[in-house]
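Asker: First the structure, which I've put down as structure tokens, then a few questions once you've had a look.
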Amino acid sequence: MALFGRATEIQSSPQQIEEGLRHLRDETMPALREFEGAKGFIAFGNRETGKLIGISLWESQDAMVKARDRASQLRSAGAQAAGGQITDVTEYEVMLDERF
């Protein structure tokens with residue numbers, strides 16, 4: 001079964017990373033769990049540079065596409081909470097998923 005992912009890059013200030021993470025845990029994750037076809041989320045961050053990368057996982061490309069507008073609203077709110085700007089949003093097919 002194929003998975004799909006949407007990667008969002010946000011450039012924030014290092015001082016606002018914790019507020020961005022709080023918003024992600026308290027606001028974004030509960031909303032994302034309600035999306036039909038959402039399968040998970042992973043976030044990467046660099047506390048020194050303030051760069052954040054979030055990847056949402058979807059059970060199908062159709063589910064990912066249907067969620068675009070609502071996901072865009074969540075992204076904007078998250079970037080604002082982190083005091084940052086969205087620098088890139090790209091959609092992908094997951095080509096390899098190996099966990100150890």
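Ordering of the structure tokens sets the chain letters (A, B, ...), residue numbers begin anew at 1 in every chain, and ligands are numbered from 1 in the order given.
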Extract, using only C-alpha atoms, all DNA, RNA and protein residues at most 12 Å from Arg33 (chain A), discarding same-chain residues fewer than 5 positions from it, and format them as an MDAnalysis selection string.
Answerer: chainID A and resid 25:28 38:41 56:58 67 71
Asker: Using all heavy atoms, can you write the selected residues to a file as an mmCIF file, in the first residue's frame?
Answerer:
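Contents of selection22.cif, freshly written:
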```
data_model
loop_
_atom_site.group_PDB
_atom_site.id
_atom_site.type_symbol
_atom_site.label_atom_id
_atom_site.label_comp_id
_atom_site.auth_asym_id
_atom_site.auth_seq_id
_atom_site.Cartn_x
_atom_site.Cartn_y
_atom_site.Cartn_z
ATOM 1 N N ARG A 25 1.651 20.499 18.963
ATOM 2 C CA ARG A 25 1.098 19.450 19.841
ATOM 3 C C ARG A 25 -0.346 19.725 20.247
ATOM 4 O O ARG A 25 -1.186 18.828 20.226
ATOM 5 C CB ARG A 25 1.948 19.328 21.107
ATOM 6 C CG ARG A 25 3.252 18.600 20.932
ATOM 7 C CD ARG A 25 3.922 18.339 22.269
ATOM 8 N NE ARG A 25 4.188 19.576 22.994
ATOM 9 C CZ ARG A 25 5.318 20.280 22.908
ATOM 10 N NH1 ARG A 25 6.287 19.849 22.127
ATOM 11 N NH2 ARG A 25 5.481 21.381 23.600
ATOM 12 N N ASP A 26 -0.640 20.964 20.632
ATOM 13 C CA ASP A 26 -1.935 21.286 21.230
ATOM 14 C C ASP A 26 -3.036 21.629 20.232
ATOM 15 O O ASP A 26 -4.214 21.443 20.526
ATOM 16 C CB ASP A 26 -1.790 22.462 22.208
ATOM 17 C CG ASP A 26 -0.888 22.136 23.377
ATOM 18 O OD1 ASP A 26 -0.572 20.946 23.595
ATOM 19 O OD2 ASP A 26 -0.494 23.086 24.081
ATOM 20 N N GLU A 27 -2.654 22.153 19.080
ATOM 21 C CA GLU A 27 -3.649 22.615 18.109
ATOM 22 C C GLU A 27 -3.648 21.799 16.815
ATOM 23 O O GLU A 27 -4.678 21.302 16.382
ATOM 24 C CB GLU A 27 -3.418 24.098 17.768
ATOM 25 C CG GLU A 27 -3.368 25.022 18.968
ATOM 26 C CD GLU A 27 -4.696 25.169 19.678
ATOM 27 O OE1 GLU A 27 -5.744 25.028 19.020
ATOM 28 O OE2 GLU A 27 -4.669 25.411 20.900
ATOM 29 N N THR A 28 -2.470 21.681 16.207
ATOM 30 C CA THR A 28 -2.385 21.041 14.894
ATOM 31 C C THR A 28 -2.656 19.541 14.950
ATOM 32 O O THR A 28 -3.430 19.023 14.155
ATOM 33 C CB THR A 28 -1.006 21.299 14.257
ATOM 34 O OG1 THR A 28 -0.780 22.712 14.203
ATOM 35 C CG2 THR A 28 -0.930 20.715 12.860
ATOM 36 N N ALA A 38 -5.634 10.713 7.070
ATOM 37 C CA ALA A 38 -4.363 11.100 7.702
ATOM 38 C C ALA A 38 -3.799 9.903 8.446
ATOM 39 O O ALA A 38 -4.517 9.202 9.153
ATOM 40 C CB ALA A 38 -4.574 12.268 8.648
ATOM 41 N N LYS A 39 -2.510 9.636 8.292
ATOM 42 C CA LYS A 39 -1.883 8.452 8.883
ATOM 43 C C LYS A 39 -0.792 8.781 9.899
ATOM 44 O O LYS A 39 -0.336 7.899 10.608
ATOM 45 C CB LYS A 39 -1.282 7.570 7.788
ATOM 46 C CG LYS A 39 -2.286 7.053 6.784
ATOM 47 C CD LYS A 39 -3.383 6.243 7.418
ATOM 48 C CE LYS A 39 -2.902 4.877 7.804
ATOM 49 N NZ LYS A 39 -3.933 4.046 8.412
ATOM 50 N N GLY A 40 -0.348 10.024 9.960
ATOM 51 C CA GLY A 40 0.692 10.352 10.918
ATOM 52 C C GLY A 40 1.363 11.665 10.598
ATOM 53 O O GLY A 40 1.048 12.328 9.603
ATOM 54 N N PHE A 41 2.304 12.026 11.456
ATOM 55 C CA PHE A 41 3.022 13.288 11.296
ATOM 56 C C PHE A 41 4.383 13.150 11.976
ATOM 57 O O PHE A 41 4.497 12.537 13.043
ATOM 58 C CB PHE A 41 2.244 14.434 11.955
ATOM 59 C CG PHE A 41 2.801 15.794 11.653
ATOM 60 C CD1 PHE A 41 2.394 16.479 10.529
ATOM 61 C CD2 PHE A 41 3.744 16.370 12.486
ATOM 62 C CE1 PHE A 41 2.909 17.737 10.238
ATOM 63 C CE2 PHE A 41 4.270 17.616 12.210
ATOM 64 C CZ PHE A 41 3.839 18.310 11.081
ATOM 65 N N SER A 56 3.387 15.424 6.945
ATOM 66 C CA SER A 56 2.144 14.708 7.224
ATOM 67 C C SER A 56 2.074 13.509 6.289
ATOM 68 O O SER A 56 2.488 13.583 5.133
ATOM 69 C CB SER A 56 0.926 15.617 7.024
ATOM 70 O OG SER A 56 0.899 16.155 5.718
ATOM 71 N N LEU A 57 1.566 12.395 6.809
ATOM 72 C CA LEU A 57 1.469 11.159 6.031
ATOM 73 C C LEU A 57 0.006 10.849 5.756
ATOM 74 O O LEU A 57 -0.847 11.022 6.626
ATOM 75 C CB LEU A 57 2.126 10.005 6.783
ATOM 76 C CG LEU A 57 3.615 10.168 7.028
ATOM 77 C CD1 LEU A 57 4.121 9.079 7.958
ATOM 78 C CD2 LEU A 57 4.381 10.167 5.713
ATOM 79 N N TRP A 58 -0.254 10.356 4.549
ATOM 80 C CA TRP A 58 -1.619 10.137 4.066
ATOM 81 C C TRP A 58 -1.749 8.755 3.459
ATOM 82 O O TRP A 58 -0.829 8.263 2.801
ATOM 83 C CB TRP A 58 -1.968 11.208 3.030
ATOM 84 C CG TRP A 58 -1.826 12.577 3.612
ATOM 85 C CD1 TRP A 58 -0.696 13.343 3.644
ATOM 86 C CD2 TRP A 58 -2.821 13.292 4.320
ATOM 87 N NE1 TRP A 58 -0.946 14.505 4.312
ATOM 88 C CE2 TRP A 58 -2.242 14.507 4.741
ATOM 89 C CE3 TRP A 58 -4.153 13.034 4.635
ATOM 90 C CZ2 TRP A 58 -2.957 15.449 5.458
ATOM 91 C CZ3 TRP A 58 -4.858 13.996 5.341
ATOM 92 C CH2 TRP A 58 -4.267 15.181 5.751
ATOM 93 N N ALA A 67 -7.409 17.171 1.466
ATOM 94 C CA ALA A 67 -7.108 17.907 2.700
ATOM 95 C C ALA A 67 -6.310 19.186 2.460
ATOM 96 O O ALA A 67 -6.006 19.909 3.410
ATOM 97 C CB ALA A 67 -6.340 16.997 3.656
ATOM 98 N N ALA A 71 -5.520 21.809 5.386
ATOM 99 C CA ALA A 71 -4.128 21.699 5.831
ATOM 100 C C ALA A 71 -3.401 23.038 5.672
ATOM 101 O O ALA A 71 -2.568 23.402 6.506
ATOM 102 C CB ALA A 71 -3.410 20.600 5.054
#
```
Asker: Show which residues sit within 6 Å of region 6-19 of chain A, as a ChimeraX atom specification. Count only C-alpha atoms, and ignore same-chain residues fewer than 6 positions away.
Answerer: /A:47-56,82-91
Asker: Using N, CA and C atoms, can you export the residues from the last selection as a PDB file, in the first residue's frame?
Answerer:
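Writing done, so here's selection.pdb:
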```pdb
ATOM      1  N   ARG A  47      17.069  23.893  16.494  1.00  0.00           N
ATOM      2  CA  ARG A  47      16.906  24.935  17.509  1.00  0.00           C
ATOM      3  C   ARG A  47      17.879  26.099  17.309  1.00  0.00           C
ATOM      4  N   GLU A  48      18.990  25.867  16.638  1.00  0.00           N
ATOM      5  CA  GLU A  48      19.961  26.941  16.416  1.00  0.00           C
ATOM      6  C   GLU A  48      19.551  27.864  15.287  1.00  0.00           C
ATOM      7  N   THR A  49      18.957  27.305  14.219  1.00  0.00           N
ATOM      8  CA  THR A  49      18.592  28.130  13.061  1.00  0.00           C
ATOM      9  C   THR A  49      17.118  28.511  13.036  1.00  0.00           C
ATOM     10  N   GLY A  50      16.280  27.776  13.775  1.00  0.00           N
ATOM     11  CA  GLY A  50      14.849  28.042  13.767  1.00  0.00           C
ATOM     12  C   GLY A  50      14.107  27.401  12.609  1.00  0.00           C
ATOM     13  N   LYS A  51      14.784  26.535  11.863  1.00  0.00           N
ATOM     14  CA  LYS A  51      14.121  25.881  10.734  1.00  0.00           C
ATOM     15  C   LYS A  51      13.322  24.671  11.225  1.00  0.00           C
ATOM     16  N   LEU A  52      12.085  24.566  10.749  1.00  0.00           N
ATOM     17  CA  LEU A  52      11.204  23.453  11.074  1.00  0.00           C
ATOM     18  C   LEU A  52      10.735  22.784   9.788  1.00  0.00           C
ATOM     19  N   ILE A  53      10.664  21.463   9.809  1.00  0.00           N
ATOM     20  CA  ILE A  53      10.129  20.704   8.686  1.00  0.00           C
ATOM     21  C   ILE A  53       9.102  19.738   9.253  1.00  0.00           C
ATOM     22  N   GLY A  54       7.885  19.811   8.774  1.00  0.00           N
ATOM     23  CA  GLY A  54       6.824  18.904   9.193  1.00  0.00           C
ATOM     24  C   GLY A  54       6.375  18.067   8.014  1.00  0.00           C
ATOM     25  N   ILE A  55       6.178  16.782   8.244  1.00  0.00           N
ATOM     26  CA  ILE A  55       5.738  15.884   7.174  1.00  0.00           C
ATOM     27  C   ILE A  55       4.482  15.162   7.641  1.00  0.00           C
ATOM     28  N   SER A  56       3.387  15.424   6.945  1.00  0.00           N
ATOM     29  CA  SER A  56       2.144  14.708   7.224  1.00  0.00           C
ATOM     30  C   SER A  56       2.074  13.509   6.289  1.00  0.00           C
ATOM     31  N   ALA A  82       4.758  30.057  15.455  1.00  0.00           N
ATOM     32  CA  ALA A  82       6.212  29.920  15.564  1.00  0.00           C
ATOM     33  C   ALA A  82       6.930  31.212  15.202  1.00  0.00           C
ATOM     34  N   GLY A  83       6.170  32.251  14.870  1.00  0.00           N
ATOM     35  CA  GLY A  83       6.790  33.512  14.487  1.00  0.00           C
ATOM     36  C   GLY A  83       7.594  33.395  13.221  1.00  0.00           C
ATOM     37  N   GLY A  84       7.139  32.520  12.312  1.00  0.00           N
ATOM     38  CA  GLY A  84       7.917  32.261  11.104  1.00  0.00           C
ATOM     39  C   GLY A  84       7.119  32.393   9.834  1.00  0.00           C
ATOM     40  N   GLN A  85       7.762  31.975   8.761  1.00  0.00           N
ATOM     41  CA  GLN A  85       7.173  32.012   7.427  1.00  0.00           C
ATOM     42  C   GLN A  85       7.285  30.635   6.796  1.00  0.00           C
ATOM     43  N   ILE A  86       6.263  30.264   6.055  1.00  0.00           N
ATOM     44  CA  ILE A  86       6.313  29.025   5.270  1.00  0.00           C
ATOM     45  C   ILE A  86       7.225  29.281   4.082  1.00  0.00           C
ATOM     46  N   THR A  87       8.251  28.456   3.939  1.00  0.00           N
ATOM     47  CA  THR A  87       9.194  28.650   2.834  1.00  0.00           C
ATOM     48  C   THR A  87       9.007  27.631   1.716  1.00  0.00           C
ATOM     49  N   ASP A  88       8.327  26.515   2.011  1.00  0.00           N
ATOM     50  CA  ASP A  88       8.102  25.516   0.962  1.00  0.00           C
ATOM     51  C   ASP A  88       7.046  24.523   1.425  1.00  0.00           C
ATOM     52  N   VAL A  89       6.231  24.075   0.488  1.00  0.00           N
ATOM     53  CA  VAL A  89       5.279  22.982   0.699  1.00  0.00           C
ATOM     54  C   VAL A  89       5.365  22.098  -0.536  1.00  0.00           C
ATOM     55  N   THR A  90       5.677  20.824  -0.343  1.00  0.00           N
ATOM     56  CA  THR A  90       5.830  19.902  -1.463  1.00  0.00           C
ATOM     57  C   THR A  90       5.165  18.580  -1.111  1.00  0.00           C
ATOM     58  N   GLU A  91       4.494  17.989  -2.098  1.00  0.00           N
ATOM     59  CA  GLU A  91       3.836  16.706  -1.903  1.00  0.00           C
ATOM     60  C   GLU A  91       4.639  15.600  -2.583  1.00  0.00           C
TER      61      GLU A  91
END
```
Asker: Would you return as number ranges by chain the members of chain A that DSSP assigns to helix (DSSP H, G or I) on this structure's backbone?
Answerer: A: 14-33, 61-66, 68-81
Asker: With only C-alpha atoms as the atoms that count, which of A:Leu96, A:Leu24, A:Ala63, A:Ala43 lies nearest to Arg75 (chain A)?
Answerer: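 Counting only C-alpha atoms, the residue closest to Arg75 (chain A) is A:Leu24.
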Asker: Ala81 (chain A): which residues within 7 Å, counting only C-alpha atoms, same-chain residues fewer than 3 positions away excluded, as a compact mmCIF listing (two decimals) with C-alpha atoms, in the first residue's frame?
Answerer:
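Below is the file that was written, selection16.txt:
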```
# COMPACT_ATOMS: atom_id res chain seq x y z
CA GLU A 19 5.91 28.09 20.99
CA GLY A 20 5.70 26.54 17.53
CA HIS A 23 1.02 24.89 18.91
CA ALA A 77 -1.63 29.10 11.97
CA GLY A 78 1.43 27.02 12.88
```
Asker: Distance CA of Leu32 (chain A)-CA of Asn46 (chain A), one decimal place?
Answerer: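 For CA of Leu32 (chain A) relative to CA of Asn46 (chain A), the distance reads 22.9 Å.
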Asker: Grab the CA of Leu3 (chain A) to CA of Glu93 (chain A) distance for me, in Å with one decimal place.
Answerer: 6.2 Å
Asker: Suppose you want the space between CA of Val94 (chain A) and CA of Ser72 (chain A); what is it in Å?
Answerer: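 One can read the CA of Val94 (chain A) to CA of Ser72 (chain A) distance as 20.4 Å.
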Asker: When DSSP is applied to the backbone of this structure, which of region 10-46 of chain A are assigned strand (DSSP E or B)? Write them out as a compact mmCIF listing (two decimals) with all heavy atoms, in the first residue's frame.
Answerer:
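Output below, filename selection-v9.txt:
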```txt
# COMPACT_ATOMS: atom_id res chain seq x y z
N ILE A 10 9.21 25.62 7.46
CA ILE A 10 8.94 26.91 8.09
C ILE A 10 10.25 27.46 8.63
O ILE A 10 10.99 26.75 9.31
CB ILE A 10 7.91 26.77 9.24
CG1 ILE A 10 6.56 26.33 8.67
CG2 ILE A 10 7.79 28.08 10.02
CD1 ILE A 10 5.51 26.04 9.72
N GLN A 11 10.51 28.71 8.34
CA GLN A 11 11.67 29.39 8.92
C GLN A 11 11.16 30.28 10.04
O GLN A 11 10.39 31.19 9.81
CB GLN A 11 12.43 30.21 7.88
CG GLN A 11 13.69 30.85 8.43
CD GLN A 11 14.67 29.81 8.97
OE1 GLN A 11 15.09 28.90 8.27
NE2 GLN A 11 15.05 29.95 10.23
N ALA A 38 -5.63 10.71 7.07
CA ALA A 38 -4.36 11.10 7.70
C ALA A 38 -3.80 9.90 8.45
O ALA A 38 -4.52 9.20 9.15
CB ALA A 38 -4.57 12.27 8.65
N LYS A 39 -2.51 9.64 8.29
CA LYS A 39 -1.88 8.45 8.88
C LYS A 39 -0.79 8.78 9.90
O LYS A 39 -0.34 7.90 10.61
CB LYS A 39 -1.28 7.57 7.79
CG LYS A 39 -2.29 7.05 6.78
CD LYS A 39 -3.38 6.24 7.42
CE LYS A 39 -2.90 4.88 7.80
NZ LYS A 39 -3.93 4.05 8.41
N GLY A 40 -0.35 10.02 9.96
CA GLY A 40 0.69 10.35 10.92
C GLY A 40 1.36 11.67 10.60
O GLY A 40 1.05 12.33 9.60
N PHE A 41 2.30 12.03 11.46
CA PHE A 41 3.02 13.29 11.30
C PHE A 41 4.38 13.15 11.98
O PHE A 41 4.50 12.54 13.04
CB PHE A 41 2.24 14.43 11.95
CG PHE A 41 2.80 15.79 11.65
CD1 PHE A 41 2.39 16.48 10.53
CD2 PHE A 41 3.74 16.37 12.49
CE1 PHE A 41 2.91 17.74 10.24
CE2 PHE A 41 4.27 17.62 12.21
CZ PHE A 41 3.84 18.31 11.08
N ILE A 42 5.39 13.74 11.38
CA ILE A 42 6.72 13.79 11.98
C ILE A 42 7.25 15.21 11.78
O ILE A 42 7.01 15.83 10.75
CB ILE A 42 7.68 12.73 11.39
CG1 ILE A 42 8.97 12.68 12.16
CG2 ILE A 42 7.90 12.96 9.90
CD1 ILE A 42 9.83 11.46 11.84
N ALA A 43 7.93 15.71 12.81
CA ALA A 43 8.49 17.07 12.72
C ALA A 43 9.99 17.01 12.99
O ALA A 43 10.45 16.29 13.87
CB ALA A 43 7.82 17.98 13.74
N PHE A 44 10.72 17.77 12.22
CA PHE A 44 12.16 17.95 12.39
C PHE A 44 12.39 19.42 12.70
O PHE A 44 11.68 20.28 12.17
CB PHE A 44 12.93 17.60 11.11
CG PHE A 44 12.73 16.20 10.64
CD1 PHE A 44 11.75 15.90 9.70
CD2 PHE A 44 13.53 15.18 11.13
CE1 PHE A 44 11.56 14.61 9.26
CE2 PHE A 44 13.34 13.87 10.68
CZ PHE A 44 12.36 13.59 9.74
N GLY A 45 13.37 19.72 13.52
CA GLY A 45 13.66 21.11 13.80
C GLY A 45 15.12 21.32 14.15
O GLY A 45 15.79 20.41 14.61
N ASN A 46 15.57 22.52 13.91
CA ASN A 46 16.91 22.92 14.28
C ASN A 46 16.78 24.11 15.22
O ASN A 46 16.39 25.20 14.80
CB ASN A 46 17.72 23.29 13.04
CG ASN A 46 19.15 23.62 13.36
OD1 ASN A 46 19.44 24.36 14.30
ND2 ASN A 46 20.07 23.08 12.56
```
